[in-house]
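Trainee: Provided below: start_28.txt, containing compact mmCIF, C-alpha atoms.
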```
# COMPACT_ATOMS: atom_id res chain seq x y z
CA MET A 1044 0.00 0.00 0.00
CA THR A 1045 1.48 3.35 -1.06
CA LYS A 1046 1.99 6.33 1.18
CA GLN A 1047 -0.79 8.33 -0.48
CA THR A 1048 -3.22 5.40 -0.25
CA ILE A 1049 -2.40 5.02 3.44
CA LEU A 1050 -2.92 8.75 3.96
CA GLY A 1051 -6.31 8.61 2.23
CA ARG A 1052 -7.35 5.55 4.22
CA VAL A 1053 -6.28 7.16 7.49
CA LYS A 1054 -8.27 10.30 6.69
CA GLN A 1055 -11.32 8.23 5.73
CA LEU A 1056 -11.26 6.16 8.92
CA ALA A 1057 -10.50 9.19 11.10
CA LYS A 1058 -13.62 10.93 9.74
CA ALA A 1059 -15.85 7.85 9.93
CA ASN A 1060 -19.12 8.33 11.83
CA ILE A 1061 -19.14 5.31 14.11
CA ASN A 1062 -22.65 5.90 15.47
CA ALA A 1063 -24.10 6.12 11.96
CA LEU A 1064 -22.39 2.87 10.99
CA LEU A 1065 -23.78 1.14 14.08
CA ASP A 1066 -27.29 2.48 13.47
CA SER A 1067 -27.31 0.97 9.97
CA ALA A 1068 -25.81 -2.37 11.04
CA GLU A 1069 -27.96 -5.47 11.37
CA ASP A 1070 -25.62 -6.85 14.04
CA PRO A 1071 -23.86 -3.96 15.84
CA GLN A 1072 -21.51 -6.27 17.74
CA LYS A 1073 -20.26 -7.92 14.54
CA MET A 1074 -19.91 -4.48 12.96
CA LEU A 1075 -17.86 -3.27 15.94
CA ASP A 1076 -15.64 -6.34 15.83
CA GLN A 1077 -15.02 -5.80 12.10
CA LEU A 1078 -14.33 -2.08 12.61
CA ILE A 1079 -11.86 -2.90 15.38
CA ARG A 1080 -10.04 -5.30 13.05
CA ASP A 1081 -10.02 -2.70 10.24
CA TYR A 1082 -8.77 0.07 12.48
CA THR A 1083 -6.10 -2.15 14.07
CA ASN A 1084 -4.79 -3.27 10.66
CA ASN A 1085 -4.82 0.24 9.21
CA ILE A 1086 -3.13 1.67 12.28
CA SER A 1087 -0.36 -0.89 11.85
CA GLU A 1088 -0.01 0.00 8.15
CA ALA A 1089 -0.11 3.72 8.92
CA GLU A 1090 2.60 3.37 11.56
CA GLU A 1091 4.80 1.57 9.05
CA ALA A 1092 4.13 4.22 6.40
CA ILE A 1093 4.84 7.02 8.87
CA ALA A 1094 8.11 5.39 9.92
CA THR A 1095 9.19 5.11 6.27
CA THR A 1096 8.09 8.66 5.49
CA ILE A 1097 9.89 10.06 8.53
CA GLY A 1098 13.01 8.09 7.56
CA ASN A 1099 12.95 9.54 4.05
CA LEU A 1100 12.35 13.01 5.48
CA ARG A 1101 15.31 12.71 7.81
CA LEU A 1102 17.54 11.61 4.90
CA MET A 1103 16.45 14.61 2.84
CA GLU A 1104 17.05 16.91 5.82
CA ALA A 1105 20.51 15.41 6.31
CA ASP A 1106 21.34 15.85 2.62
CA ASN A 1107 20.01 19.41 2.75
CA ALA A 1108 22.11 20.15 5.81
CA GLU A 1109 25.16 18.87 3.93
CA ASP A 1110 24.31 21.17 1.01
CA VAL A 1111 23.97 24.14 3.37
CA LYS A 1112 27.28 23.25 5.00
CA SER A 1113 28.91 22.79 1.59
CA ALA A 1114 27.62 26.16 0.36
CA LYS A 1115 29.13 27.87 3.39
CA GLU A 1116 32.44 26.04 2.99
CA TRP A 1117 32.69 26.98 -0.70
CA GLY A 1118 31.84 30.55 0.19
CA ASP A 1119 34.61 30.60 2.78
CA LYS A 1120 37.03 29.14 0.22
CA ALA A 1121 36.01 31.74 -2.36
CA LEU A 1122 36.60 34.52 0.15
CA ALA A 1123 40.00 33.13 1.13
CA ALA A 1124 41.06 32.77 -2.51
CA SER A 1125 39.90 36.29 -3.37
CA GLN A 1126 41.75 37.77 -0.39
CA ARG A 1127 44.89 35.84 -1.42
CA ALA A 1128 44.61 37.20 -4.95
CA ASP A 1129 44.27 40.77 -3.67
CA ALA A 1130 47.35 40.33 -1.46
CA LEU A 1131 49.42 38.93 -4.37
CA ARG A 1132 48.29 41.72 -6.67
CA THR A 1133 49.61 44.34 -4.23
CA THR A 1134 53.01 42.69 -4.45
CA GLY A 1135 52.92 42.85 -8.23
CA ASP A 1136 52.44 39.10 -8.75
CA SER A 1137 49.54 39.45 -11.17
CA ALA A 1138 49.80 35.92 -12.62
CA GLU A 1139 49.49 34.27 -9.23
CA ALA A 1140 46.75 36.72 -8.25
CA ASP A 1141 44.76 35.78 -11.37
CA ARG A 1142 45.13 32.08 -10.49
CA PHE A 1143 43.63 32.63 -7.03
CA ASP A 1144 40.84 34.76 -8.51
CA ASN A 1145 40.04 31.85 -10.82
CA LEU A 1146 39.97 29.54 -7.79
CA ALA A 1147 37.60 31.96 -6.08
CA LYS A 1148 35.30 31.81 -9.16
CA VAL A 1149 35.29 27.99 -9.07
CA ALA A 1150 34.47 28.06 -5.35
CA LEU A 1151 31.64 30.53 -5.97
CA GLU A 1152 30.23 28.28 -8.72
CA ARG A 1153 30.27 25.33 -6.31
CA GLN A 1154 28.63 27.50 -3.67
CA LEU A 1155 25.91 28.53 -6.13
CA ALA A 1156 25.27 24.88 -7.09
CA ALA A 1157 24.93 23.86 -3.43
CA GLU A 1158 22.55 26.76 -2.74
CA ARG A 1159 20.40 25.75 -5.72
CA GLN A 1160 20.20 22.19 -4.44
CA THR A 1161 19.19 23.50 -1.03
CA ALA A 1162 16.49 25.72 -2.54
CA ALA A 1163 15.20 22.89 -4.76
CA ALA A 1164 14.94 20.49 -1.84
CA ALA A 1165 13.04 22.92 0.41
CA PRO A 1166 9.54 22.39 -1.14
CA THR A 1167 9.99 18.61 -1.15
CA ILE A 1168 11.07 18.62 2.49
CA LYS A 1169 8.15 20.87 3.40
CA GLY A 1170 5.69 18.63 1.55
CA GLN A 1171 7.13 15.53 3.17
CA GLN A 1172 6.82 17.14 6.61
CA GLU A 1173 3.18 18.03 5.90
CA VAL A 1174 2.46 14.40 4.96
CA VAL A 1175 4.11 13.22 8.19
CA ASP A 1176 2.06 15.69 10.23
CA GLN A 1177 -1.18 14.60 8.54
CA LEU A 1178 -0.38 10.95 9.07
CA LYS A 1179 0.44 11.53 12.73
CA THR A 1180 -2.76 13.51 13.28
CA GLY A 1181 -4.87 10.91 11.49
CA LEU A 1182 -3.12 8.10 13.34
CA ASN A 1183 -3.81 9.70 16.72
CA THR A 1184 -7.46 10.18 15.78
CA MET A 1185 -7.69 6.56 14.66
CA LYS A 1186 -6.21 5.37 17.95
CA GLU A 1187 -8.77 7.44 19.85
CA LYS A 1188 -11.58 5.98 17.74
CA LEU A 1189 -10.19 2.49 18.24
CA ASN A 1190 -10.44 3.02 22.00
CA GLN A 1191 -14.01 4.30 21.50
CA LEU A 1192 -14.85 1.22 19.44
CA ARG A 1193 -13.49 -1.11 22.09
CA THR A 1194 -15.43 0.74 24.80
CA LYS A 1195 -18.64 0.59 22.75
CA ARG A 1196 -18.08 -3.10 22.00
CA ASP A 1197 -17.56 -3.89 25.71
CA GLU A 1198 -20.61 -1.81 26.63
CA LEU A 1199 -22.74 -3.54 24.00
CA VAL A 1200 -21.62 -7.00 25.14
CA ALA A 1201 -22.34 -6.11 28.78
CA ARG A 1202 -25.81 -4.81 27.88
CA ALA A 1203 -26.55 -7.95 25.88
CA LYS A 1204 -25.50 -10.17 28.78
CA SER A 1205 -27.56 -8.10 31.20
CA ALA A 1206 -30.63 -8.35 28.97
CA GLN A 1207 -30.14 -12.10 28.63
CA ALA A 1208 -29.80 -12.51 32.40
CA GLN A 1209 -32.94 -10.41 32.99
CA SER A 1210 -34.81 -12.55 30.49
CA HIS A 1211 -33.81 -15.69 32.41
CA VAL A 1212 -34.97 -14.10 35.68
CA ASN A 1213 -38.31 -13.17 34.12
CA ASP A 1214 -38.78 -16.71 32.83
CA ALA A 1215 -37.97 -18.10 36.28
CA LEU A 1216 -40.45 -15.75 37.94
CA LYS A 1217 -43.18 -16.80 35.52
CA SER A 1218 -42.61 -20.46 36.36
CA ILE A 1219 -43.19 -19.86 40.09
CA ASP A 1220 -46.08 -17.40 39.87
CA ILE A 1221 -48.04 -17.99 43.11
CA MET A 1222 -51.16 -16.49 41.51
CA ASP A 1223 -51.27 -19.31 38.97
CA PRO A 1224 -54.19 -21.65 40.02
CA SER A 1225 -52.33 -24.62 38.60
CA SER A 1226 -49.20 -24.05 40.65
CA GLU A 1227 -48.20 -26.31 43.54
CA VAL A 1228 -48.34 -23.41 45.97
CA SER A 1229 -51.92 -22.63 45.02
CA ARG A 1230 -53.01 -26.26 45.43
CA PHE A 1231 -51.36 -26.52 48.83
CA GLU A 1232 -53.02 -23.29 49.94
CA GLU A 1233 -56.41 -24.62 48.85
CA LYS A 1234 -55.84 -27.81 50.84
CA VAL A 1235 -55.01 -25.81 53.98
CA ARG A 1236 -58.13 -23.69 53.55
CA ARG A 1237 -60.30 -26.82 53.33
CA GLU A 1238 -58.74 -28.25 56.49
CA GLU A 1239 -59.36 -24.96 58.30
CA ALA A 1240 -62.99 -24.96 57.11
CA LYS A 1241 -63.43 -28.54 58.34
CA VAL A 1242 -62.14 -27.62 61.79
CA LYS A 1243 -64.53 -24.65 61.92
CA GLY A 1244 -67.42 -26.96 60.97
CA GLN A 1245 -66.50 -29.39 63.72
CA GLN A 1246 -66.31 -26.56 66.21
CA GLU A 1247 -69.72 -25.24 65.10
CA LEU A 1248 -71.24 -28.72 65.32
CA ALA A 1249 -69.91 -29.26 68.84
CA ALA A 1250 -71.26 -25.90 69.95
CA SER A 1251 -74.71 -26.74 68.52
CA SER A 1252 -74.88 -30.06 70.46
CA LEU A 1253 -74.01 -28.39 73.77
CA ASP A 1254 -76.69 -25.71 73.26
CA SER A 1255 -79.25 -28.47 72.65
CA GLN A 1256 -78.37 -30.19 75.89
CA PHE A 1257 -78.79 -26.98 77.85
CA ASN A 1258 -82.14 -26.40 76.17
CA ASP A 1259 -83.29 -29.90 77.26
CA LEU A 1260 -82.36 -29.11 80.86
CA GLU A 1261 -84.40 -25.91 80.77
CA ASP A 1262 -87.45 -27.83 79.40
CA LEU A 1263 -87.25 -30.37 82.28
CA ALA A 1264 -87.05 -27.60 84.85
CA ASP A 1265 -90.12 -25.90 83.39
CA LYS A 1266 -92.10 -29.13 83.45
CA ALA A 1267 -91.19 -29.78 87.08
CA GLU A 1268 -92.31 -26.28 88.04
CA VAL A 1269 -95.65 -26.76 86.25
CA ALA A 1270 -96.28 -30.10 88.03
CA LYS A 1271 -95.44 -28.55 91.37
CA ARG A 1272 -97.86 -25.67 90.86
CA LEU A 1273 -100.58 -28.03 89.69
CA ALA A 1274 -100.25 -30.15 92.87
CA ALA A 1275 -100.48 -27.00 94.96
CA LEU A 1276 -103.72 -25.96 93.32
CA LYS A 1277 -105.32 -29.34 93.96
CA ALA A 1278 -104.25 -29.32 97.60
CA GLY A 1279 -105.78 -25.88 97.81
```
Could you express the structure from this file as structure tokens?

Mentor:
Amino acid sequence: MTKQTILGRVKQLAKANINALLDSAEDPQKMLDQLIRDYTNNISEAEEAIATTIGNLRLMEADNAEDVKSAKEWGDKALAASQRADALRTTGDSAEADRFDNLAKVALERQLAAERQTAAAAPTIKGQQEVVDQLKTGLNTMKEKLNQLRTKRDELVARAKSAQAQSHVNDALKSIDIMDPSSEVSRFEEKVRREEAKVKGQQELAASSLDSQFNDLEDLADKAEVAKRLAALKAG
């Protein structure tokens, strides 16, 4: 994968709307897992591309620094040769002075060539630095989104497990609903109620028999009193 392709892919993934992707997904968890794999792979490729790009940038910067250094050295040599020529010319040694002036010209030509190389390399170095900065920014954004994806995936899994557990609890509660007439609890309660009613019936029956016996005693007492009064009238 080329540097430009990596850069485009990094920008695309960095701008991706995760929530929109999840909203349109039939299975959000599978979508998250796939996105995590995509982001992880592209981050690895981007890191490799950035390392290569930075390496190339550093080489260009080193070469440019050498050109800058070379331009200064040739300039110093040109100055030294020119000063030597001037000194020789004051002594009347024109031939030797001309030779040093020619050396100064050669040094100046070399200086000019080095300066041109430095100037030509500047836009390339600047462009390469911009690419590195963009890749680094996109990479950092992708890493942040990768962390978001992992957090969302963990949250989604936890919510799914919680919903599943709640569903099991609801099913368990339905199976032991004490208001269900067919449940064991309801049948046992009905049996207890019948036993309690039977005991109340026995108690009521016993109370009725005792009242009857007391009523019989009252009838006998009344009859005895009537017989006594009748005997008294006859004895009159």

Trainee: Check the smallest atom-to-atom distance from each of A:Ala1274, A:Ala1138, A:Ala1163, A:Ala1249 to Asp1106 (chain A) using all atoms listed in the file, then report the winner.

Mentor: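 Nearest candidate to Asp1106 (chain A) out of A:Ala1274, A:Ala1138, A:Ala1163, A:Ala1249: A:Ala1163.
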
Trainee: So how far away is CA of Leu1078 (chain A) from CA of Gln1191 (chain A), in Å?

Mentor: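 For CA of Gln1191 (chain A) relative to CA of Leu1078 (chain A), the distance reads 10.9 Å.
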
Trainee: So what do you get for CA of Glu1088 (chain A) versus CA of Arg1101 (chain A), distance-wise?

Mentor: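 Straight-line distance from CA of Glu1088 (chain A) to CA of Arg1101 (chain A) works out to 19.9 Å.
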
Trainee: Have a look at A:Ser1255, A:Asn1107, A:Gln1246, A:Thr1096 and name the one nearest to Arg1159 (chain A); count only C-alpha atoms.

Mentor: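 Among the listed residues, the smallest separation from Arg1159 (chain A) belongs to A:Asn1107.
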
Trainee: Please compute the CA of Gln1154 (chain A)-CA of Ala1114 (chain A) distance, one decimal, in Å.

Mentor: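 It comes out at 4.4 Å.
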
Trainee: Determine the nearest neighbour of Leu1146 (chain A) from the options A:Gln1126, A:Gln1207, A:Asn1084, A:Thr1134, counting only C-alpha atoms.

Mentor: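 Among the listed residues, the smallest separation from Leu1146 (chain A) belongs to A:Gln1126.
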
Trainee: Counting all atoms listed in the file, which residue out of A:Ala1105, A:Ala1267, A:Ala1157, A:Val1175 sits closest to Ala1089 (chain A)?

Mentor: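 Of A:Ala1105, A:Ala1267, A:Ala1157, A:Val1175, the one nearest Ala1089 (chain A), counting all atoms listed in the file, is A:Val1175.
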
Trainee: Of the candidates A:Met1185, A:Ala1164, A:Val1200, A:Ala1121, which one gets nearest to Glu1109 (chain A) if we count only C-alpha atoms?

Mentor: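 Ranking A:Met1185, A:Ala1164, A:Val1200, A:Ala1121 by distance to Glu1109 (chain A), first place goes to A:Ala1164.
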
Trainee: Using all atoms listed in the file for the distances, tell me which of A:Leu1131, A:Val1111, A:Met1074, A:Ala1215 is nearest to Thr1161 (chain A).

Mentor: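 Closest residue, counting all atoms listed in the file: A:Val1111.
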
Trainee: Please output region 1119-1130 of chain A, rebuilt to include all heavy atoms, as a PDB file, in the frame of the given file.

Mentor:
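See result_14.pdb below for the written result:
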```
ATOM      1  N   ASP A1119      33.410  30.268   2.009  1.00  0.00           N
ATOM      2  CA  ASP A1119      34.610  30.600   2.780  1.00  0.00           C
ATOM      3  C   ASP A1119      35.871  30.449   1.912  1.00  0.00           C
ATOM      4  O   ASP A1119      36.810  31.278   1.972  1.00  0.00           O
ATOM      5  CB  ASP A1119      34.712  29.699   4.022  1.00  0.00           C
ATOM      6  CG  ASP A1119      33.615  29.994   5.039  1.00  0.00           C
ATOM      7  OD1 ASP A1119      33.023  31.096   4.985  1.00  0.00           O
ATOM      8  OD2 ASP A1119      33.355  29.111   5.891  1.00  0.00           O
ATOM      9  N   LYS A1120      35.882  29.370   1.095  1.00  0.00           N
ATOM     10  CA  LYS A1120      37.030  29.140   0.220  1.00  0.00           C
ATOM     11  C   LYS A1120      37.146  30.253  -0.841  1.00  0.00           C
ATOM     12  O   LYS A1120      38.255  30.706  -1.174  1.00  0.00           O
ATOM     13  CB  LYS A1120      36.925  27.781  -0.463  1.00  0.00           C
ATOM     14  CG  LYS A1120      37.128  26.618   0.488  1.00  0.00           C
ATOM     15  CD  LYS A1120      36.949  25.292  -0.245  1.00  0.00           C
ATOM     16  CE  LYS A1120      37.152  24.116   0.711  1.00  0.00           C
ATOM     17  NZ  LYS A1120      36.985  22.807   0.029  1.00  0.00           N
ATOM     18  N   ALA A1121      35.994  30.666  -1.353  1.00  0.00           N
ATOM     19  CA  ALA A1121      36.010  31.740  -2.360  1.00  0.00           C
ATOM     20  C   ALA A1121      36.546  33.020  -1.750  1.00  0.00           C
ATOM     21  O   ALA A1121      37.346  33.750  -2.388  1.00  0.00           O
ATOM     22  CB  ALA A1121      34.584  31.953  -2.894  1.00  0.00           C
ATOM     23  N   LEU A1122      36.121  33.312  -0.530  1.00  0.00           N
ATOM     24  CA  LEU A1122      36.600  34.520   0.150  1.00  0.00           C
ATOM     25  C   LEU A1122      38.108  34.457   0.398  1.00  0.00           C
ATOM     26  O   LEU A1122      38.834  35.440   0.153  1.00  0.00           O
ATOM     27  CB  LEU A1122      35.849  34.700   1.464  1.00  0.00           C
ATOM     28  CG  LEU A1122      36.287  35.895   2.323  1.00  0.00           C
ATOM     29  CD1 LEU A1122      36.070  37.200   1.554  1.00  0.00           C
ATOM     30  CD2 LEU A1122      35.530  35.909   3.646  1.00  0.00           C
ATOM     31  N   ALA A1123      38.569  33.294   0.857  1.00  0.00           N
ATOM     32  CA  ALA A1123      40.000  33.130   1.130  1.00  0.00           C
ATOM     33  C   ALA A1123      40.825  33.280  -0.144  1.00  0.00           C
ATOM     34  O   ALA A1123      41.891  33.943  -0.167  1.00  0.00           O
ATOM     35  CB  ALA A1123      40.245  31.769   1.776  1.00  0.00           C
ATOM     36  N   ALA A1124      40.338  32.675  -1.241  1.00  0.00           N
ATOM     37  CA  ALA A1124      41.060  32.770  -2.510  1.00  0.00           C
ATOM     38  C   ALA A1124      41.083  34.202  -3.023  1.00  0.00           C
ATOM     39  O   ALA A1124      42.107  34.702  -3.553  1.00  0.00           O
ATOM     40  CB  ALA A1124      40.424  31.842  -3.539  1.00  0.00           C
ATOM     41  N   SER A1125      39.975  34.904  -2.901  1.00  0.00           N
ATOM     42  CA  SER A1125      39.900  36.290  -3.370  1.00  0.00           C
ATOM     43  C   SER A1125      40.828  37.182  -2.558  1.00  0.00           C
ATOM     44  O   SER A1125      41.530  38.054  -3.122  1.00  0.00           O
ATOM     45  CB  SER A1125      38.454  36.790  -3.238  1.00  0.00           C
ATOM     46  OG  SER A1125      38.368  38.158  -3.604  1.00  0.00           O
ATOM     47  N   GLN A1126      40.851  36.972  -1.244  1.00  0.00           N
ATOM     48  CA  GLN A1126      41.750  37.770  -0.390  1.00  0.00           C
ATOM     49  C   GLN A1126      43.221  37.491  -0.733  1.00  0.00           C
ATOM     50  O   GLN A1126      44.063  38.400  -0.737  1.00  0.00           O
ATOM     51  CB  GLN A1126      41.465  37.471   1.086  1.00  0.00           C
ATOM     52  CG  GLN A1126      40.125  38.005   1.562  1.00  0.00           C
ATOM     53  CD  GLN A1126      39.801  37.592   2.989  1.00  0.00           C
ATOM     54  OE1 GLN A1126      40.401  36.644   3.532  1.00  0.00           O
ATOM     55  NE2 GLN A1126      38.852  38.293   3.602  1.00  0.00           N
ATOM     56  N   ARG A1127      43.521  36.213  -1.042  1.00  0.00           N
ATOM     57  CA  ARG A1127      44.890  35.840  -1.420  1.00  0.00           C
ATOM     58  C   ARG A1127      45.272  36.516  -2.732  1.00  0.00           C
ATOM     59  O   ARG A1127      46.407  37.010  -2.907  1.00  0.00           O
ATOM     60  CB  ARG A1127      44.998  34.328  -1.560  1.00  0.00           C
ATOM     61  CG  ARG A1127      46.363  33.827  -1.984  1.00  0.00           C
ATOM     62  CD  ARG A1127      47.449  34.203  -0.984  1.00  0.00           C
ATOM     63  NE  ARG A1127      48.731  33.619  -1.352  1.00  0.00           N
ATOM     64  CZ  ARG A1127      49.904  34.017  -0.856  1.00  0.00           C
ATOM     65  NH1 ARG A1127      49.941  35.014   0.043  1.00  0.00           N
ATOM     66  NH2 ARG A1127      51.021  33.421  -1.231  1.00  0.00           N
ATOM     67  N   ALA A1128      44.345  36.561  -3.643  1.00  0.00           N
ATOM     68  CA  ALA A1128      44.610  37.200  -4.950  1.00  0.00           C
ATOM     69  C   ALA A1128      44.881  38.676  -4.765  1.00  0.00           C
ATOM     70  O   ALA A1128      45.800  39.242  -5.391  1.00  0.00           O
ATOM     71  CB  ALA A1128      43.414  36.984  -5.879  1.00  0.00           C
ATOM     72  N   ASP A1129      44.071  39.336  -3.919  1.00  0.00           N
ATOM     73  CA  ASP A1129      44.270  40.770  -3.670  1.00  0.00           C
ATOM     74  C   ASP A1129      45.656  41.029  -3.049  1.00  0.00           C
ATOM     75  O   ASP A1129      46.347  42.013  -3.410  1.00  0.00           O
ATOM     76  CB  ASP A1129      43.181  41.310  -2.742  1.00  0.00           C
ATOM     77  CG  ASP A1129      41.809  41.324  -3.420  1.00  0.00           C
ATOM     78  OD1 ASP A1129      41.765  41.251  -4.657  1.00  0.00           O
ATOM     79  OD2 ASP A1129      40.787  41.397  -2.697  1.00  0.00           O
ATOM     80  N   ALA A1130      46.049  40.160  -2.113  1.00  0.00           N
ATOM     81  CA  ALA A1130      47.350  40.330  -1.460  1.00  0.00           C
ATOM     82  C   ALA A1130      48.492  40.164  -2.468  1.00  0.00           C
ATOM     83  O   ALA A1130      49.470  40.923  -2.465  1.00  0.00           O
ATOM     84  CB  ALA A1130      47.491  39.317  -0.321  1.00  0.00           C
TER      85      ALA A1130
END
```
